[in-house]
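Novice: What follows is the file structure_30.cif, containing mmCIF, C-alpha atoms:
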```
data_data
#
loop_
_atom_site.label_atom_id
_atom_site.label_comp_id
_atom_site.auth_asym_id
_atom_site.auth_seq_id
_atom_site.Cartn_x
_atom_site.Cartn_y
_atom_site.Cartn_z
CA MET A 1 -0.85 96.34 160.19
CA ASN A 2 -3.09 93.82 161.93
CA LYS A 3 -1.54 92.62 165.18
CA LYS A 4 -2.29 89.09 164.06
CA ASN A 5 0.52 88.76 161.59
CA ASN A 6 1.12 85.02 161.37
CA VAL A 7 0.22 83.92 157.85
CA CYS A 8 0.09 80.45 156.37
CA VAL A 9 0.22 80.48 152.57
CA ILE A 10 -1.17 77.21 151.26
CA GLY A 11 0.20 76.23 147.86
CA LEU A 12 3.69 77.41 146.84
CA GLY A 13 3.31 77.67 143.08
CA TYR A 14 3.25 80.62 140.70
CA ILE A 15 1.13 82.71 143.08
CA GLY A 16 1.86 81.22 146.50
CA ILE A 17 5.63 81.64 146.57
CA PRO A 18 5.76 85.28 145.32
CA THR A 19 2.90 86.15 147.70
CA SER A 20 4.76 84.51 150.60
CA ILE A 21 7.91 86.49 149.80
CA LEU A 22 5.96 89.75 149.48
CA LEU A 23 4.21 89.19 152.82
CA ALA A 24 7.44 88.24 154.57
CA SER A 25 9.10 91.36 153.13
CA ASN A 26 6.31 93.43 154.69
CA GLY A 27 6.76 92.19 158.25
CA TYR A 28 4.56 89.11 158.37
CA ARG A 29 5.78 85.80 159.75
CA VAL A 30 4.99 83.43 156.91
CA LYS A 31 4.87 79.67 156.77
CA GLY A 32 4.32 78.26 153.31
CA TYR A 33 2.72 74.86 152.80
CA ASP A 34 2.90 72.57 149.80
CA ILE A 35 2.37 68.83 149.31
CA ASP A 36 5.41 68.59 147.02
CA LYS A 37 8.52 67.62 149.02
CA LYS A 38 10.81 68.74 146.20
CA ILE A 39 9.36 72.25 146.21
CA ILE A 40 9.76 72.54 150.00
CA LYS A 41 13.37 71.37 149.87
CA LEU A 42 14.18 73.67 146.95
CA ILE A 43 12.72 76.76 148.65
CA ASN A 44 14.43 76.15 151.98
CA ASN A 45 17.72 75.76 150.07
CA LYS A 46 17.10 79.25 148.65
CA LYS A 47 16.29 78.03 145.15
CA LEU A 48 13.20 78.35 142.95
CA LYS A 49 11.73 76.58 139.94
CA LEU A 50 9.88 79.79 139.12
CA SER A 51 11.86 82.21 136.97
CA GLU A 52 10.83 85.75 137.96
CA PRO A 53 13.02 88.88 138.04
CA GLY A 54 14.25 89.60 141.58
CA LEU A 55 12.37 86.71 143.17
CA THR A 56 15.31 84.51 144.20
CA SER A 57 17.19 87.37 145.87
CA ARG A 58 14.04 88.38 147.78
CA LEU A 59 13.58 84.75 148.83
CA ASN A 60 17.13 84.63 150.19
CA ASP A 61 16.50 87.82 152.15
CA VAL A 62 13.32 86.65 153.92
CA LEU A 63 14.83 83.22 154.64
CA ASN A 64 17.94 84.80 156.14
CA LYS A 65 15.76 87.03 158.33
CA LYS A 66 13.72 83.96 159.36
CA LYS A 67 10.52 85.65 158.19
CA PHE A 68 9.58 82.74 155.92
CA ILE A 69 9.87 78.98 155.98
CA ALA A 70 8.40 76.31 153.71
CA THR A 71 6.86 73.25 155.32
CA GLN A 72 4.80 70.16 154.51
CA LYS A 73 2.37 70.89 157.31
CA ILE A 74 -0.35 73.51 157.43
CA GLU A 75 0.77 75.40 160.51
CA GLU A 76 -1.62 77.07 162.94
CA SER A 77 -1.77 80.76 162.01
CA ASP A 78 -3.97 83.83 162.17
CA ILE A 79 -4.48 84.19 158.43
CA TYR A 80 -4.71 81.38 155.88
CA LEU A 81 -4.15 82.32 152.25
CA ILE A 82 -5.20 79.54 149.86
CA CYS A 83 -3.30 79.52 146.54
CA VAL A 84 -3.64 75.88 145.48
CA PRO A 85 -4.11 74.89 141.82
CA THR A 86 -7.59 74.27 140.44
CA PRO A 87 -7.04 72.51 137.10
CA PHE A 88 -9.79 71.09 134.92
CA PHE A 89 -10.47 67.57 133.78
CA GLY A 90 -12.61 65.81 131.20
CA LYS A 91 -11.92 64.46 127.75
CA GLY A 92 -15.24 65.55 126.28
CA LYS A 93 -16.27 68.91 124.88
CA ILE A 94 -17.00 70.38 128.31
CA LYS A 95 -14.15 70.55 130.82
CA LYS A 96 -14.90 70.59 134.54
CA PRO A 97 -12.85 72.13 137.38
CA ASP A 98 -10.96 69.85 139.73
CA LEU A 99 -11.44 71.19 143.27
CA ASN A 100 -9.76 68.31 145.09
CA ALA A 101 -6.90 70.53 146.29
CA ILE A 102 -9.25 73.11 147.82
CA ASN A 103 -11.39 70.37 149.40
CA ASP A 104 -8.27 68.81 150.92
CA VAL A 105 -7.14 72.15 152.37
CA PHE A 106 -10.45 72.74 154.14
CA LYS A 107 -10.40 69.22 155.57
CA LYS A 108 -7.01 70.01 157.10
CA LEU A 109 -8.25 73.39 158.38
CA THR A 110 -10.93 71.68 160.48
CA GLU A 111 -8.14 70.50 162.78
CA ILE A 112 -6.54 73.90 163.48
CA LEU A 113 -9.02 76.77 162.93
CA LYS A 114 -9.70 78.94 165.97
CA ASP A 115 -11.99 81.87 166.71
CA GLY A 116 -10.90 85.09 165.02
CA ASP A 117 -8.95 83.42 162.20
CA THR A 118 -9.19 84.68 158.63
CA VAL A 119 -9.42 82.33 155.65
CA ILE A 120 -8.91 83.79 152.17
CA ILE A 121 -9.20 81.88 148.90
CA GLU A 122 -7.14 83.29 146.03
CA SER A 123 -7.38 80.20 143.80
CA THR A 124 -9.64 80.44 140.77
CA CYS A 125 -12.84 78.51 141.43
CA PRO A 126 -16.48 78.23 140.33
CA VAL A 127 -19.02 80.68 141.70
CA GLY A 128 -20.27 79.45 145.06
CA THR A 129 -17.10 77.60 146.05
CA THR A 130 -16.24 79.80 149.06
CA LYS A 131 -19.76 79.49 150.45
CA LYS A 132 -19.65 75.73 149.86
CA MET A 133 -16.42 75.48 151.84
CA ILE A 134 -17.97 77.51 154.68
CA GLU A 135 -20.91 75.09 154.75
CA PHE A 136 -18.47 72.18 154.85
CA LEU A 137 -16.72 73.62 157.92
CA LYS A 138 -20.10 74.23 159.50
CA SER A 139 -21.00 70.57 158.98
CA CYS A 140 -17.79 69.69 160.85
CA ASN A 141 -19.06 71.61 163.91
CA ILE A 142 -16.83 74.64 163.29
CA ASP A 143 -18.43 77.90 164.48
CA VAL A 144 -18.06 79.74 161.17
CA SER A 145 -19.62 82.91 162.62
CA LYS A 146 -16.36 83.50 164.52
CA ILE A 147 -14.11 83.09 161.48
CA ASN A 148 -13.57 85.59 158.64
CA PHE A 149 -13.97 84.16 155.13
CA ALA A 150 -13.06 86.01 151.94
CA TYR A 151 -12.34 85.49 148.28
CA CYS A 152 -9.62 87.64 146.69
CA PRO A 153 -8.48 86.49 143.23
CA GLU A 154 -4.97 87.19 141.98
CA ARG A 155 -4.32 89.23 138.83
CA VAL A 156 -0.73 88.82 137.69
CA LEU A 157 1.33 88.58 134.54
CA PRO A 158 4.23 86.09 134.40
CA GLY A 159 7.49 88.00 134.28
CA LYS A 160 6.02 90.80 136.41
CA ILE A 161 4.41 88.84 139.24
CA LEU A 162 6.03 90.64 142.20
CA HIS A 163 5.30 94.05 140.73
CA GLU A 164 1.70 93.24 139.89
CA LEU A 165 0.97 91.59 143.24
CA LYS A 166 1.95 94.88 144.82
CA PHE A 167 0.50 97.44 142.43
CA ASN A 168 -2.55 95.85 140.76
CA ASP A 169 -6.04 96.62 142.04
CA ARG A 170 -7.71 93.80 143.99
CA ILE A 171 -11.25 92.63 144.58
CA ILE A 172 -12.20 91.72 148.16
CA GLY A 173 -15.15 89.35 148.30
CA ALA A 174 -16.80 89.00 151.72
CA ASN A 175 -20.39 88.61 152.88
CA ASP A 176 -20.28 91.04 155.80
CA LYS A 177 -18.78 94.48 156.45
CA LYS A 178 -16.68 93.35 159.40
CA THR A 179 -14.85 90.71 157.35
CA SER A 180 -14.45 93.07 154.42
CA THR A 181 -12.79 95.62 156.72
CA ILE A 182 -10.44 93.05 158.28
CA VAL A 183 -9.39 91.57 154.93
CA SER A 184 -9.03 94.99 153.31
CA ARG A 185 -6.73 96.05 156.15
CA PHE A 186 -4.62 92.96 155.53
CA TYR A 187 -4.23 93.61 151.79
CA LYS A 188 -3.62 97.33 152.31
CA SER A 189 -0.51 96.41 154.29
CA PHE A 190 1.25 95.12 151.17
CA VAL A 191 -0.84 96.14 148.13
CA LYS A 192 -0.52 99.64 146.66
CA GLY A 193 -3.35 99.22 144.17
CA LYS A 194 -6.97 100.06 144.94
CA LEU A 195 -9.17 97.60 146.80
CA TYR A 196 -12.79 97.04 145.78
CA SER A 197 -15.19 95.33 148.17
CA THR A 198 -18.11 93.15 147.12
CA ASN A 199 -19.77 89.89 148.10
CA LEU A 200 -18.26 86.42 147.65
CA GLU A 201 -20.15 85.36 144.54
CA THR A 202 -19.51 88.63 142.70
CA ALA A 203 -15.77 88.41 143.42
CA GLU A 204 -15.67 84.79 142.22
CA MET A 205 -17.53 85.65 139.02
CA SER A 206 -15.41 88.76 138.36
CA LYS A 207 -12.24 86.69 138.26
CA LEU A 208 -13.77 84.29 135.74
CA VAL A 209 -15.25 87.06 133.61
CA GLU A 210 -11.92 88.90 133.31
CA ASN A 211 -10.13 86.02 131.63
CA SER A 212 -13.19 84.87 129.69
CA PHE A 213 -13.35 88.36 128.18
CA ARG A 214 -9.77 88.01 126.99
CA ASP A 215 -10.46 84.54 125.60
CA VAL A 216 -13.39 85.85 123.54
CA ASN A 217 -11.36 88.75 122.15
CA ILE A 218 -8.48 86.48 121.18
CA ALA A 219 -10.97 84.09 119.55
CA PHE A 220 -12.32 86.94 117.42
CA ALA A 221 -8.81 87.78 116.19
CA ASN A 222 -8.05 84.11 115.52
CA GLU A 223 -11.29 83.68 113.59
CA ILE A 224 -10.54 86.73 111.46
CA SER A 225 -7.13 85.25 110.60
CA LEU A 226 -8.78 81.98 109.55
CA LEU A 227 -11.43 83.75 107.47
CA CYS A 228 -8.82 85.86 105.69
CA GLU A 229 -6.60 82.85 105.04
CA SER A 230 -9.50 81.01 103.41
CA GLN A 231 -10.01 83.94 101.02
CA ASN A 232 -6.32 84.64 100.37
CA ILE A 233 -6.45 87.99 102.17
CA ASP A 234 -3.63 89.34 104.35
CA TYR A 235 -5.20 89.30 107.82
CA LYS A 236 -2.50 91.61 109.20
CA LYS A 237 -3.51 94.36 106.80
CA VAL A 238 -7.20 93.77 107.53
CA ILE A 239 -6.68 94.09 111.29
CA LYS A 240 -4.35 97.07 110.93
CA LEU A 241 -6.87 98.93 108.79
CA SER A 242 -9.86 97.92 110.92
CA ASN A 243 -8.09 99.25 114.00
CA LYS A 244 -7.98 102.69 112.40
CA HIS A 245 -11.62 102.94 113.46
CA PRO A 246 -11.73 104.97 116.71
CA ARG A 247 -13.80 102.34 118.52
CA VAL A 248 -12.17 99.16 117.19
CA SER A 249 -9.19 97.45 118.80
CA ILE A 250 -8.69 93.94 117.42
CA LEU A 251 -5.95 91.90 119.05
CA GLU A 252 -3.15 90.08 117.24
CA PRO A 253 -4.09 86.51 116.29
CA GLY A 254 -1.95 83.72 117.70
CA ILE A 255 -1.52 79.97 117.57
CA GLY A 256 -4.26 79.42 120.15
CA VAL A 257 -4.42 80.38 123.81
CA GLY A 258 -2.21 79.21 126.66
CA GLY A 259 -1.22 80.05 130.20
CA HIS A 260 -2.65 79.41 133.64
CA CYS A 261 -5.81 81.53 133.27
CA ILE A 262 -7.28 82.35 129.87
CA PRO A 263 -7.81 78.83 128.46
CA VAL A 264 -8.88 77.53 131.88
CA ASP A 265 -11.14 80.08 133.56
CA PRO A 266 -13.98 80.05 130.98
CA TRP A 267 -14.61 76.39 131.84
CA PHE A 268 -15.47 77.36 135.42
CA ILE A 269 -18.39 79.34 134.01
CA ILE A 270 -19.29 77.01 131.13
CA SER A 271 -19.39 73.81 133.20
CA LYS A 272 -22.09 75.28 135.45
CA ASN A 273 -24.01 77.28 132.82
CA LEU A 274 -24.19 75.44 129.49
CA LYS A 275 -27.34 77.25 128.40
CA PHE A 276 -26.09 80.80 128.99
CA SER A 277 -22.45 80.43 127.94
CA GLN A 278 -22.78 79.91 124.19
CA LEU A 279 -20.32 82.67 123.29
CA LEU A 280 -17.73 81.41 125.78
CA GLN A 281 -18.06 77.88 124.41
CA SER A 282 -17.60 79.18 120.86
CA ALA A 283 -14.51 81.15 121.88
CA ARG A 284 -12.95 78.06 123.46
CA SER A 285 -13.75 76.10 120.31
CA VAL A 286 -12.22 78.71 117.98
CA ASN A 287 -9.02 79.06 119.99
CA SER A 288 -8.57 75.31 120.23
CA TYR A 289 -9.27 74.92 116.52
CA LYS A 290 -6.62 77.52 115.65
CA THR A 291 -3.98 75.31 117.29
CA LYS A 292 -5.20 72.24 115.41
CA TRP A 293 -5.30 74.24 112.15
CA ILE A 294 -1.66 75.24 112.55
CA SER A 295 -0.70 71.65 113.38
CA LYS A 296 -2.31 70.46 110.16
CA LYS A 297 -0.68 73.26 108.20
CA ILE A 298 2.77 72.13 109.41
CA THR A 299 1.93 68.50 108.67
CA ASN A 300 0.87 69.40 105.14
CA GLN A 301 4.09 71.35 104.62
CA VAL A 302 6.09 68.31 105.68
CA SER A 303 4.26 66.19 103.08
CA ILE A 304 4.95 68.76 100.37
CA TYR A 305 8.62 68.88 101.32
CA LYS A 306 8.97 65.08 101.29
CA THR A 307 7.38 64.88 97.85
CA LYS A 308 9.56 67.62 96.43
CA TYR A 309 12.93 66.74 97.97
CA LYS A 310 12.49 62.98 98.54
CA LYS A 311 13.62 63.08 102.16
CA ASN A 312 12.26 63.62 105.66
CA PRO A 313 12.71 67.24 106.68
CA ILE A 314 14.13 68.52 109.95
CA VAL A 315 11.26 70.50 111.49
CA SER A 316 12.09 73.14 114.10
CA LEU A 317 9.46 74.64 116.40
CA PHE A 318 10.56 78.10 117.51
CA GLY A 319 8.91 78.94 120.83
CA LEU A 320 7.41 76.52 123.35
CA THR A 321 6.13 78.81 126.10
CA TYR A 322 2.55 80.03 126.08
CA LYS A 323 3.58 83.64 125.35
CA ALA A 324 6.61 85.66 124.37
CA ASN A 325 9.60 86.23 126.65
CA VAL A 326 8.52 84.08 129.61
CA SER A 327 9.49 80.57 130.73
CA ASP A 328 5.93 79.46 131.49
CA LEU A 329 4.88 76.30 129.62
CA ARG A 330 1.44 75.86 131.21
CA GLU A 331 -1.30 75.04 128.68
CA SER A 332 1.01 76.10 125.86
CA PRO A 333 -0.46 75.63 122.34
CA SER A 334 3.08 75.01 121.07
CA LEU A 335 3.24 71.82 123.11
CA ASP A 336 -0.08 70.68 121.62
CA ILE A 337 1.41 71.25 118.18
CA PHE A 338 4.53 69.32 119.13
CA ASN A 339 2.46 66.38 120.37
CA HIS A 340 0.35 66.42 117.19
CA LEU A 341 3.45 66.25 115.01
CA LYS A 342 4.77 63.31 117.03
CA LYS A 343 1.48 61.47 116.53
CA GLU A 344 1.83 62.09 112.79
CA LYS A 345 5.15 60.22 112.94
CA ILE A 346 7.22 63.28 112.12
CA ASP A 347 10.41 62.13 113.79
CA LYS A 348 12.91 64.91 113.05
CA ILE A 349 11.53 67.62 115.32
CA ARG A 350 13.74 70.17 117.02
CA LEU A 351 12.47 72.23 119.93
CA VAL A 352 13.78 75.78 120.14
CA GLU A 353 13.06 77.77 123.30
CA PRO A 354 15.54 80.35 124.63
CA ASN A 355 13.67 80.70 127.94
CA VAL A 356 13.87 77.09 129.17
CA GLU A 357 16.73 74.64 129.46
CA LYS A 358 14.77 71.46 128.78
CA TYR A 359 11.29 70.12 128.18
CA GLU A 360 10.76 66.73 129.78
CA LYS A 361 13.30 64.43 128.04
CA ASN A 362 13.55 66.54 124.90
CA LYS A 363 16.64 68.49 123.96
CA ILE A 364 16.33 72.24 123.46
CA TYR A 365 18.25 73.50 120.44
CA ASN A 366 20.03 76.81 120.04
CA PHE A 367 17.83 79.11 117.96
CA LYS A 368 20.65 80.31 115.69
CA ILE A 369 21.81 76.77 114.91
CA ALA A 370 18.26 75.55 114.31
CA PHE A 371 17.59 78.50 112.01
CA LYS A 372 20.59 77.60 109.92
CA ASN A 373 20.26 73.82 109.82
CA SER A 374 16.50 73.08 109.73
CA ASP A 375 14.41 72.36 106.64
CA ILE A 376 11.03 73.61 107.89
CA LEU A 377 11.12 76.49 110.37
CA CYS A 378 7.90 77.03 112.32
CA PHE A 379 7.78 80.22 114.37
CA LEU A 380 5.12 79.80 117.05
CA VAL A 381 6.06 82.38 119.71
CA ASN A 382 7.55 85.80 119.04
CA HIS A 383 10.46 85.77 121.49
CA LYS A 384 12.78 88.79 121.43
CA GLU A 385 15.76 86.56 120.56
CA PHE A 386 14.16 85.63 117.24
CA SER A 387 14.15 89.25 116.08
CA PHE A 388 17.91 88.94 115.45
CA LEU A 389 17.40 86.27 112.81
CA ASP A 390 17.71 87.25 109.15
CA LYS A 391 15.43 85.34 106.81
CA SER A 392 17.42 86.57 103.79
CA ILE A 393 20.15 84.02 104.58
CA LEU A 394 17.80 81.06 104.31
CA ARG A 395 18.52 78.53 101.56
CA GLU A 396 15.99 78.08 98.79
CA GLU A 397 14.89 74.67 100.06
CA GLN A 398 14.26 75.92 103.61
CA GLN A 399 10.58 76.51 104.30
CA LEU A 400 9.58 79.33 106.64
CA LEU A 401 6.21 79.21 108.45
CA ASP A 402 5.85 82.38 110.48
CA PHE A 403 2.69 82.02 112.60
CA CYS A 404 3.50 84.77 115.12
CA GLY A 405 4.78 87.69 113.08
CA VAL A 406 8.52 87.42 113.78
CA PHE A 407 9.34 88.53 110.25
CA SER A 408 6.29 90.72 109.71
CA SER A 409 6.92 94.17 108.28
CA GLU A 410 3.49 95.38 109.35
#
```
Now, as a test, write the supplied structure out as structure tokens.

Specialist:
Amino acid sequence: MNKKNNVCVIGLGYIGIPTSILLASNGYRVKGYDIDKKIIKLINNKKLKLSEPGLTSRLNDVLNKKKFIATQKIEESDIYLICVPTPFFGKGKIKKPDLNAINDVFKKLTEILKDGDTVIIESTCPVGTTKKMIEFLKSCNIDVSKINFAYCPERVLPGKILHELKFNDRIIGANDKKTSTIVSRFYKSFVKGKLYSTNLETAEMSKLVENSFRDVNIAFANEISLLCESQNIDYKKVIKLSNKHPRVSILEPGIGVGGHCIPVDPWFIISKNLKFSQLLQSARSVNSYKTKWISKKITNQVSIYKTKYKKNPIVSLFGLTYKANVSDLRESPSLDIFNHLKKEKIDKIRLVEPNVEKYEKNKIYNFKIAFKNSDILCFLVNHKEFSFLDKSILREEQQLLDFCGVFSSE
């Protein structure tokens, strides 16, 4: 391990807090920084908003051993690991990344950086961001030649974050061999996966390409489902049969795309390269349209029900998270559908989500009760709990809209 083992993790969200705990568990003295007072207080009281297997017990352990503390000040350290959010903004067709958090971090670093320090960005960002931040520090009379700068993007799956932080391969982006060696040594001390070294821009682009690839593949599956629907063809059978080809592997269609990476990362490429990102733009359009299409389908079903039964139906949305069996609501298509239905003045909406206790001020209903008492049942996310439901007990007037294959026999 590097003798310089004081680490400041900047940003204590979905990546920052598990990374802090992993580092502290491997002998580092870690100080975690976040601007949110509530998060700092929660962590130091041995509690977490993030629901990950084994994470809370590991947090308690490193806090008890005084290996980790959360603070509202970026403390002077040897290594600075930047894990702040980089959301996007813009109401038009093209979304742009918001780099205010990263900019703010580097402004603060000008006050405490010293010769020999290492600064690593893990946050997703546009190509060229790391170099831009180096130039900013240089303009502030920081001798950047004596500081090690790297870009090392995270690759984790919610529900398995601790495991994947430790065992997934990592890309080390650095513009000189010395820095690459120093940063690789740091990651080798707690990562069991392979490390691949490259330059800054290639590392930044690789992160964006990984999730853009997934977005495009999901868009293809979603478009196939829409095409089949328009021609009254069972898309599940089409995909199942097509996948019999030895070189074809079509994904399962969904209700759109959600989460912290896939619907976001393509915009980091698109916003800087409109001319050469036509496919990525189309994929974003298809996946967004699929969510709107499902919203309209539910709205139409409500109108049909009202005409037939002369009353407003109780509509239940089964699944709010962006994917099955996690508690992560970020960029969830289900929430877009919920908001669309509210705008359409559908007032009897029940939210059903076994993985969260509440969503803003909205009550979360028990899935078994909602299944029994609702009029229109919309299955949006295929949670394991829903597999215990038996559609044969539904009353004749109950309408079942299965958009995620809960009751599929395929």

Novice: Give as a ChimeraX atom specification the residues that the PyMOL selection byres ((chain A and resi 149) around 7) matches when applied to the coordinates above.

Specialist: /A:118-120,147-148,150,174,179

Novice: Between A:Thr307, A:Ser139, A:Ser206, A:Asn211, which is the closest to Cys152 (chain A) once you count all atoms listed in the file?

Specialist: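 Using all atoms listed in the file, the shortest distance to Cys152 (chain A) belongs to A:Ser206.
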
Novice: Run the PyMOL selection byres ((chain A and resi 276-286) around 12) against the file shown and list the residues it catches, as number ranges by chain.

Specialist: A: 93-95, 208-209, 211-227, 253-258, 262-275, 287-293

Novice: Given the PyMOL selection byres ((chain A and resi 377-392) around 7) and the file above, list the residues it selects as a PDB file with C-alpha atoms, in the frame of the given file.

Specialist:
```
ATOM      1  CA  ILE A 255      -1.520  79.970 117.570  1.00  0.00           C
ATOM      2  CA  VAL A 315      11.260  70.500 111.490  1.00  0.00           C
ATOM      3  CA  SER A 316      12.090  73.140 114.100  1.00  0.00           C
ATOM      4  CA  LEU A 317       9.460  74.640 116.400  1.00  0.00           C
ATOM      5  CA  PHE A 318      10.560  78.100 117.510  1.00  0.00           C
ATOM      6  CA  GLY A 319       8.910  78.940 120.830  1.00  0.00           C
ATOM      7  CA  LYS A 323       3.580  83.640 125.350  1.00  0.00           C
ATOM      8  CA  ALA A 324       6.610  85.660 124.370  1.00  0.00           C
ATOM      9  CA  ASN A 325       9.600  86.230 126.650  1.00  0.00           C
ATOM     10  CA  SER A 334       3.080  75.010 121.070  1.00  0.00           C
ATOM     11  CA  PHE A 371      17.590  78.500 112.010  1.00  0.00           C
ATOM     12  CA  SER A 374      16.500  73.080 109.730  1.00  0.00           C
ATOM     13  CA  ASP A 375      14.410  72.360 106.640  1.00  0.00           C
ATOM     14  CA  ILE A 376      11.030  73.610 107.890  1.00  0.00           C
ATOM     15  CA  ILE A 393      20.150  84.020 104.580  1.00  0.00           C
ATOM     16  CA  LEU A 394      17.800  81.060 104.310  1.00  0.00           C
ATOM     17  CA  GLN A 399      10.580  76.510 104.300  1.00  0.00           C
ATOM     18  CA  LEU A 400       9.580  79.330 106.640  1.00  0.00           C
ATOM     19  CA  LEU A 401       6.210  79.210 108.450  1.00  0.00           C
ATOM     20  CA  ASP A 402       5.850  82.380 110.480  1.00  0.00           C
ATOM     21  CA  PHE A 403       2.690  82.020 112.600  1.00  0.00           C
ATOM     22  CA  CYS A 404       3.500  84.770 115.120  1.00  0.00           C
ATOM     23  CA  GLY A 405       4.780  87.690 113.080  1.00  0.00           C
ATOM     24  CA  VAL A 406       8.520  87.420 113.780  1.00  0.00           C
TER      25      VAL A 406
END
```

Novice: Rounded to one decimal place, report the CA of Tyr80 (chain A)-CA of Val7 (chain A) distance in Å.

Specialist: 5.9 Å

Novice: So how far away is CA of Phe68 (chain A) from CA of Lys37 (chain A), in Å?

Specialist: 16.7 Å

Novice: Around all listed atoms of region 45-63 of chain A, padded 5 Å per side, what centre and edge lengths does the axis-aligned box have in Å to one decimal, as JSON?

Specialist:
```
{"center_x": 13.8, "center_y": 82.7, "center_z": 145.8, "size_x": 17.8, "size_y": 23.8, "size_z": 27.7}
```

Novice: List the neighbours of Lys188 (chain A) out to 12 Å using all atoms listed in the file; skip same-chain residues closer than 2 positions along the sequence, and give me the result as a list in words.

Specialist: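 Non-adjacent residues within range: Met1, Asn2, Leu23, Asn26, Leu165, Lys166, Phe167, Asn168, Asp169, Arg170, Ile171, Ile172, Ser180, Thr181, Ile182, Val183, Ser184, Arg185, Phe186, Phe190, Val191, Lys192, Gly193, Lys194, Leu195 and Tyr196 of chain A.
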
Novice: Mind pulling up the distance from CA of Asp328 (chain A) to CA of Leu63 (chain A)?

Specialist: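 Calculated distance between CA of Leu63 (chain A) and CA of Asp328 (chain A) is 25.1 Å.
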
Novice: Taking all atoms listed in the file into account, which of A:Thr86, A:Thr110, A:Asn100, A:Thr202 comes nearest Ile74 (chain A)?

Specialist: A:Thr110

Novice: List as a PyMOL selection string the protein and nucleic acid residues near Glu201 (chain A), meaning an atom at most 10 Å away when all atoms listed in the file are counted, but skip any in the same chain fewer than 3 places from it.

Specialist: chain A and resi 126-131+151+173-175+198+204-206

Novice: Within 12 Å of Ile69 (chain A), counting all atoms listed in the file, which residues qualify if same-chain residues fewer than 5 places away don't, as a count of residues only?

Specialist: 32

Novice: May I have the protein, DNA and RNA residues with an atom at most 6 Å from (-7.4, 82.1, 149.9), counting only C-alpha atoms in the file's coordinates, returned as number ranges by chain?

Specialist: A: 81-83, 120-122

Novice: With all atoms listed in the file as the atoms that count, which of A:Glu397, A:Glu111, A:Glu344, A:Glu76 lies nearest to Ile142 (chain A)?

Specialist: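 Using all atoms listed in the file, the shortest distance to Ile142 (chain A) belongs to A:Glu111.
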
Novice: Complete the atom set of region 15-28 of chain A to N, CA and C atoms and return it as a short mmCIF file (atom, residue, chain, number, x, y, z; two decimals), in the coordinates of the input.

Specialist:
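Wrote rebuild_23.cif, looks like this:
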```cif
data_model
loop_
_atom_site.label_atom_id
_atom_site.label_comp_id
_atom_site.auth_asym_id
_atom_site.auth_seq_id
_atom_site.Cartn_x
_atom_site.Cartn_y
_atom_site.Cartn_z
N ILE A 15 1.69 81.62 142.29
CA ILE A 15 1.13 82.71 143.08
C ILE A 15 1.58 82.61 144.53
N GLY A 16 1.57 81.41 145.09
CA GLY A 16 1.86 81.22 146.50
C GLY A 16 3.24 81.65 146.93
N ILE A 17 4.27 81.30 146.15
CA ILE A 17 5.63 81.64 146.57
C ILE A 17 5.91 83.15 146.44
N PRO A 18 5.53 83.82 145.35
CA PRO A 18 5.76 85.28 145.32
C PRO A 18 4.96 86.01 146.41
N THR A 19 3.72 85.53 146.66
CA THR A 19 2.90 86.15 147.70
C THR A 19 3.55 85.97 149.07
N SER A 20 4.08 84.78 149.32
CA SER A 20 4.76 84.51 150.60
C SER A 20 5.94 85.46 150.79
N ILE A 21 6.72 85.63 149.73
CA ILE A 21 7.91 86.49 149.80
C ILE A 21 7.50 87.94 150.02
N LEU A 22 6.44 88.38 149.34
CA LEU A 22 5.96 89.75 149.48
C LEU A 22 5.46 90.00 150.90
N LEU A 23 4.71 89.05 151.45
CA LEU A 23 4.21 89.19 152.82
C LEU A 23 5.35 89.22 153.83
N ALA A 24 6.30 88.30 153.66
CA ALA A 24 7.44 88.24 154.57
C ALA A 24 8.27 89.52 154.50
N SER A 25 8.34 90.11 153.31
CA SER A 25 9.10 91.36 153.13
C SER A 25 8.39 92.54 153.79
N ASN A 26 7.10 92.36 154.09
CA ASN A 26 6.31 93.43 154.69
C ASN A 26 6.01 93.17 156.17
N GLY A 27 6.85 92.34 156.81
CA GLY A 27 6.76 92.19 158.25
C GLY A 27 5.97 91.01 158.77
N TYR A 28 5.32 90.27 157.91
CA TYR A 28 4.56 89.11 158.37
C TYR A 28 5.50 87.93 158.63
#
```
